[in-house]
Amino acid sequence: MTAIELEAENKAIAQEYKELLRISYQTLSVYDKKIIRKAFDVAVDAHKDQRRKSGEAYIFHPIAVAKIVARDIGLGATSIAAALMHDVVEDTDITVQDIEKMFNPKIAQLVEGLTKIAKVKTDQEISMQAENFRKMLLTLNDDVRVILIKIADRLHNMQTMGSMADYKQAKIASETLYIYAPLAHRLGLYNIKTQLEDLGLKYTEPLIYNDIVSKIKETKEEQDAYIKTISDIISASLKEEGIEFTMKGRPKSIYSIRRKMKVQSVTFDEVYDKFALRIIYKSNPHDEKFIAWKIYSVVTDHYRPSPSRLRDWISSPKSTGYEALHITVMGPKGRWVEIQVRSERMDEIAEKGYAAHYKYKNGATEEHGLEIWLNQLKEALENSESNAVDFVEDFKLNLYAKEIYVFTPKGEIKSLPKGATSLDFAFSIHSEIGVKTRGTKVNGKLVPLNHVLNSGDQVEIITSPNQKPTSQWLDYVTTSRAKNKIKNVLNENTKKIAEDGKELLERKLRHLKITLNEQTLNELVNFFKLQTSLDLFYRAGIGTIENQQLKDFAAQKSNTLVNFFKKTIKRTPTSSSEQVQKNELNKKFDLLVFGVEQNKLDYKLSNCCNPIPGDDVFGFVTINEGIKVHKKDCPNAISMQSNYAYRIIQAKWIDSSQEEFKAILKITGMDTLGLTNELTKVISNQMSVNIQSISLSSEAGIFNGQVTVVVQNNTILKKLIDNIKKVDGIDKVSRVYK
């Protein structure tokens with residue numbers, strides 16, 4: 001770099017630092033500014049020789065993260081200092097102890113939490129990413145700020161990911177959608193959540209993302225004009241009522257438009273509530289609720305509301321602390337519009353989450369929803385014995401869940417995730433009550449333990465000291481708190497039975513002249529097709545392993561040597577290259593190639609998404625079934641990319657003129673005379689398409705059909721779908737996955 005470029009860069013770094021102090025949400029004292037300055041100097045020195053992939057000085061990254069922490073999350077000097085130094089320990093010789101000496105134990109603790117897990121052995125069974133998440137979530141016990149800074153770090157990485165390789169972008173974006181966006185949501189950071197989701201979509205489904213972005217741009221002027229019409233009318237009435245407010249249009253996020261298109265199988269144009277209007281009003285704490293409902297009455301004077309879509313989070317705030325009134329009204333031209341009503345205080349909490357809540361708490365003692373959630377999480381973390389991936393899956397269950405509000409017999413209100421059962425409610429009161437639950441009453445009536453609760457239900461738990469959970473209970477609950485507690489109680493019982501089972505098994509094997517050592521144990525586990533030795537001992541303990549089966553095992557064990565020689569003799573004639581030639585002859589055309597080298601490998605097509613040639617796909621190396629091929633938009637793709645990125649290999653189709661594949665189409669429309677005839681004619685006239693099965697039904701003028709067609713590739717399938725859509729009366733055609 002030339003001296004002039006270096007000077008310009010240093011100027012830019014100094015500018016960023018000033019900006020960081022200026023935009024801080026918290027008021028910084030002289031001492032705070034000293035701490036931040038010192039952290040900034042440590043970071044600048046530590047990263048002085050580092051550059052990012054884009055070529056810019058590395059220090060711009062920690063400063064950008066600190067800015068997100070200061071402005072968007074609203075944390076104070078301790079967190080800003082930790083954000084500035086979040087990569088220092090990982091990238092340089094400075095240790096956590098050094099930071100503690102230079103600053104204080106709190107900053108050192110935050111930096112330690114932010115330093116990634118030491119590289120564990122990448123065993124196929126262990127997902128590095130899931131282990132990272134697990135460590136990160138464990139730090140929630142100590143300080144939620146670690147997670148908040150981690151989210152800021154991830155947001156900046158997502159914003160500056162352009163110069164990375166495609167496969168890295170896909171991995172990082174999948175992790176973001178899988179864990180960081182739900183975490184941001186749960187911590188009340190709705191702005192950041194939306195950015196993370198949109199950027200996640202940009203790198204996991206770039207074509208769809210770009211398509212939605214361009215369509216939003218095309219319709220922007222018309223949408224702006226539409227929203228202005230509504231806001232002008234409502235503004236005039238609010239001013240007449242003497243309410244002080246600001247109003248802004250809020251477009252629906254790209255990710256939520258995509259989700260709606262996917263879930264409801266609709267096109268971009270069919271997503272109706274793409275825009276919302278936000279009214280933020282001034283109020284003292286006493287009048288907040290009164291003014292919100294006054295605004296509701298003004299809005300509904302002009303536009304008819306949808307009663308089923310009214311959300312009152314002012315009377316019952318979400319457990320994230322979110323408060324607002326959401327009204328969905330029928331606007332001009334028959335379009336639904338969502339109107340969000342918030343006071344300035346509520347708006348700050350919605351934007352900043354955790355930090356703003358504490359600003360307004362003023363030493364009040366009532367427990368904030370977030371703290372209750374953190375305490376439950378702490379309990380789940382301490383009791384969790386599952387592997388990292390299961391743990392993260394369980395944890396995720398409680399992140400995005402929509403909430404219901406139910407009452408205790410005394411009339412206290414409790415919030416639970418949507419879909420929670422009466423047994424979940426018992427565990428939410430206290431895990432000891434959950435374990436001893438004998439029966440549950442909802443609204444005075446006795447109901448099964450798996451009864452799904454609705455908002456407004458009053459729930460009573462009947463307990464018995466002799467009651468014990470059974471393995472069936474795991475099917476009765478949805479919350480990870482309840483699942484973990486039930487698993488723990490069951491595990492304790494299982495371990496006792498397994499200890500007895502081990503002794504029993506040793507005795508029986510001794511009779512068969514077999515010693516129970518590690519090798520025998522592995523052979524037995526494989527012989528009985530089990531996962532672990534605990535499973536084996538448990539089955540022996542409950543008596544499901546019969547003597548005859550053990551005799552069969554002993555006989556097979558003595559024949560192992562003979563089998564080994566047989567296999568060796570069989571294998572010898574065909575060398576690997578001859579095998580490849582044989583495969584080439586058997587299958588003249590290889591459809592899929594893997595990796596950068598475009599290797600031809602054995603694979604299976606996965607059942608969860610049924611890929612066909614032409615689909616965007618990737619290979620996933622399984623433990624027992626070799627390579628399985630999935631579509632890039634497979635329902636399980638995000639989870640696989642996030643937890644097992646090291647098992648994913650690039651894959652693409654190279655030709656598809658010699659094989660045929662099945663695809664299932666769902667067709668709906670208005671039942672008209674001759675529609676079936678017209679439909680079959682269109683399908684069978686299409687070149688290279690055979691109908692394998694067809695089921696059609698009509699009810700009260702609505703036509704529903706499911707057709708399984710055999711096609712050679714994606715292009716033919718798309719052409720076929722377009723042609724079916726042209727048939728008079730057909731409303732929708734979509735490809736379904738079993």
# chains A, B, ... in the order shown; residues from 1 in each chain; ligands from 1
call {"tool": "select_by_dssp", "arguments": {"residues": "region 8-159 of chain A", "states": "alpha helix (DSSP H)", "output": "ChimeraX atom specification"}}
result
/A:8-22,30-46,60-67,77-84,88-91,96-102,105-114,128-138,144-159
call {"tool": "residues_around", "arguments": {"residues": "Arg311 (chain A)", "least_positions_apart": "4", "cutoff": "8 Å", "atoms": "only C-alpha atoms", "output": "JSON, numbers by chain"}}
result
{"A": [325, 326, 327]}
call {"tool": "residues_around", "arguments": {"residues": "Ile433 (chain A)", "least_positions_apart": "3", "cutoff": "10 Å", "atoms": "only C-alpha atoms", "output": "list in words"}}
result
Leu423, Phe425, Ala426, Phe427, Ser428, Ile429, His430, Lys436, Thr437, Arg438, Ile461, Ile462, Thr463, Ser464 and Pro465 of chain A
call {"tool": "atom_distance", "arguments": {"atom1": "CA of Asp312 (chain A)", "atom2": "CA of Leu75 (chain A)"}}
result
28.5 Å
call {"tool": "residues_around", "arguments": {"residues": "Gln50 (chain A)", "least_positions_apart": "6", "cutoff": "12 Å", "atoms": "only C-alpha atoms", "output": "mmCIF file with N, CA and C atoms, in the first residue's frame"}}
result
data_model
loop_
_atom_site.group_PDB
_atom_site.id
_atom_site.type_symbol
_atom_site.label_atom_id
_atom_site.label_comp_id
_atom_site.auth_asym_id
_atom_site.auth_seq_id
_atom_site.Cartn_x
_atom_site.Cartn_y
_atom_site.Cartn_z
ATOM 1 N N ALA A 43 -7.428 -3.442 19.874
ATOM 2 C CA ALA A 43 -7.897 -4.115 18.650
ATOM 3 C C ALA A 43 -7.100 -3.651 17.426
ATOM 4 N N VAL A 44 -6.867 -2.340 17.305
ATOM 5 C CA VAL A 44 -6.125 -1.803 16.156
ATOM 6 C C VAL A 44 -4.729 -2.429 16.109
ATOM 7 N N GLU A 56 -9.864 -4.996 2.552
ATOM 8 C CA GLU A 56 -9.815 -3.867 3.493
ATOM 9 C C GLU A 56 -9.183 -4.306 4.820
ATOM 10 N N ALA A 57 -8.717 -3.327 5.599
ATOM 11 C CA ALA A 57 -8.082 -3.622 6.891
ATOM 12 C C ALA A 57 -9.069 -4.355 7.791
ATOM 13 N N TYR A 58 -8.597 -5.370 8.529
ATOM 14 C CA TYR A 58 -9.483 -6.217 9.333
ATOM 15 C C TYR A 58 -10.210 -5.423 10.416
ATOM 16 N N ILE A 59 -9.567 -4.376 10.943
ATOM 17 C CA ILE A 59 -10.116 -3.615 12.071
ATOM 18 C C ILE A 59 -11.507 -3.041 11.766
ATOM 19 N N PHE A 60 -11.816 -2.836 10.458
ATOM 20 C CA PHE A 60 -13.145 -2.304 10.113
ATOM 21 C C PHE A 60 -14.256 -3.256 10.572
ATOM 22 N N HIS A 61 -13.934 -4.575 10.624
ATOM 23 C CA HIS A 61 -14.960 -5.549 11.038
ATOM 24 C C HIS A 61 -15.333 -5.404 12.519
ATOM 25 N N ASP A 87 -12.359 -10.703 18.334
ATOM 26 C CA ASP A 87 -11.500 -11.646 17.611
ATOM 27 C C ASP A 87 -10.040 -11.605 18.069
ATOM 28 N N VAL A 88 -9.752 -10.781 19.054
ATOM 29 C CA VAL A 88 -8.357 -10.556 19.458
ATOM 30 C C VAL A 88 -7.699 -11.837 19.983
ATOM 31 N N ASP A 91 -7.193 -14.517 17.167
ATOM 32 C CA ASP A 91 -6.273 -14.212 16.060
ATOM 33 C C ASP A 91 -4.863 -13.806 16.484
ATOM 34 N N THR A 92 -4.641 -13.520 17.784
ATOM 35 C CA THR A 92 -3.315 -13.005 18.188
ATOM 36 C C THR A 92 -2.833 -13.709 19.456
#
call {"tool": "atom_distance", "arguments": {"atom1": "CA of Lys252 (chain A)", "atom2": "CA of Asp273 (chain A)"}}
result
7.6 Å
call {"tool": "residues_around", "arguments": {"residues": "Leu446 (chain A)", "least_positions_apart": "5", "cutoff": "12 Å", "atoms": "only C-alpha atoms", "output": "VMD selection string"}}
result
chain A and resid 422 438 to 441 451 458 to 462
call {"tool": "write_last_selection", "arguments": {"atoms": "N, CA and C atoms", "output": "mmCIF file, in the first residue's frame"}}
result
data_model
loop_
_atom_site.group_PDB
_atom_site.id
_atom_site.type_symbol
_atom_site.label_atom_id
_atom_site.label_comp_id
_atom_site.auth_asym_id
_atom_site.auth_seq_id
_atom_site.Cartn_x
_atom_site.Cartn_y
_atom_site.Cartn_z
ATOM 1 N N SER A 422 -51.407 -29.921 27.662
ATOM 2 C CA SER A 422 -51.664 -29.726 29.094
ATOM 3 C C SER A 422 -50.492 -30.259 29.929
ATOM 4 N N ARG A 438 -50.796 -36.659 37.148
ATOM 5 C CA ARG A 438 -51.625 -37.855 36.946
ATOM 6 C C ARG A 438 -52.749 -37.564 35.950
ATOM 7 N N GLY A 439 -53.220 -36.322 35.979
ATOM 8 C CA GLY A 439 -54.294 -35.947 35.067
ATOM 9 C C GLY A 439 -54.333 -34.437 34.904
ATOM 10 N N THR A 440 -55.066 -33.960 33.873
ATOM 11 C CA THR A 440 -55.168 -32.511 33.662
ATOM 12 C C THR A 440 -56.616 -32.137 33.354
ATOM 13 N N LYS A 441 -56.992 -30.970 33.878
ATOM 14 C CA LYS A 441 -58.342 -30.446 33.588
ATOM 15 C C LYS A 441 -58.194 -29.140 32.829
ATOM 16 N N HIS A 451 -53.571 -33.144 25.373
ATOM 17 C CA HIS A 451 -54.577 -32.182 24.889
ATOM 18 C C HIS A 451 -53.885 -30.858 24.519
ATOM 19 N N GLN A 458 -58.204 -22.313 30.892
ATOM 20 C CA GLN A 458 -57.780 -22.343 32.295
ATOM 21 C C GLN A 458 -57.409 -23.792 32.603
ATOM 22 N N VAL A 459 -56.171 -23.991 33.108
ATOM 23 C CA VAL A 459 -55.649 -25.362 33.219
ATOM 24 C C VAL A 459 -55.348 -25.705 34.671
ATOM 25 N N GLU A 460 -55.796 -26.903 35.062
ATOM 26 C CA GLU A 460 -55.539 -27.374 36.429
ATOM 27 C C GLU A 460 -54.807 -28.710 36.342
ATOM 28 N N ILE A 461 -53.801 -28.898 37.178
ATOM 29 C CA ILE A 461 -52.997 -30.124 37.153
ATOM 30 C C ILE A 461 -53.332 -30.972 38.379
ATOM 31 N N ILE A 462 -53.584 -32.273 38.156
ATOM 32 C CA ILE A 462 -53.835 -33.201 39.266
ATOM 33 C C ILE A 462 -52.569 -34.050 39.414
#
call {"tool": "select_by_dssp", "arguments": {"residues": "region 393-567 of chain A", "states": "strand (DSSP E)", "output": "ChimeraX atom specification"}}
result
/A:403-407,413-417,437-442,445-447,459-463
call {"tool": "residues_around", "arguments": {"residues": "region 241-243 of chain A", "least_positions_apart": "2", "cutoff": "8 Å", "atoms": "only C-alpha atoms", "output": "PDB file with C-alpha atoms, in the first residue's frame"}}
result
ATOM      1  CA  SER A 237     -58.535  11.782  11.801  1.00  0.00           C
ATOM      2  CA  LEU A 238     -55.758  11.200  14.370  1.00  0.00           C
ATOM      3  CA  LYS A 239     -54.810  14.885  14.233  1.00  0.00           C
ATOM      4  CA  PHE A 245     -47.844  10.406  16.342  1.00  0.00           C
ATOM      5  CA  TYR A 281     -47.728   7.592  19.258  1.00  0.00           C
ATOM      6  CA  LYS A 282     -46.482   9.782  22.138  1.00  0.00           C
ATOM      7  CA  ILE A 291     -54.555   5.856  23.391  1.00  0.00           C
TER       8      ILE A 291
END
call {"tool": "residues_around", "arguments": {"residues": "Ile279 (chain A)", "least_positions_apart": "3", "cutoff": "8 Å", "atoms": "only C-alpha atoms", "output": "PyMOL selection string"}}
result
chain A and resi 245-248+339-342
call {"tool": "closest_residue", "arguments": {"among": "A:Ser316, A:Pro469, A:Ile23, A:Ser253", "to": "Ala482 (chain A)", "atoms": "only C-alpha atoms"}}
result
A:Pro469
call {"tool": "atom_distance", "arguments": {"atom1": "CA of Tyr180 (chain A)", "atom2": "CA of Cys634 (chain A)"}}
result
20.0 Å
call {"tool": "closest_residue", "arguments": {"among": "A:Glu19, A:Gly434, A:Asp633, A:Tyr190", "to": "Leu207 (chain A)", "atoms": "only C-alpha atoms"}}
result
A:Asp633
call {"tool": "closest_residue", "arguments": {"among": "A:Ile99, A:Val299, A:Val329, A:Ala651", "to": "Asp232 (chain A)", "atoms": "only C-alpha atoms"}}
result
A:Val299
call {"tool": "closest_residue", "arguments": {"among": "A:Met346, A:Ile13, A:Ile654, A:Val689", "to": "Asn284 (chain A)", "atoms": "only C-alpha atoms"}}
result
A:Met346
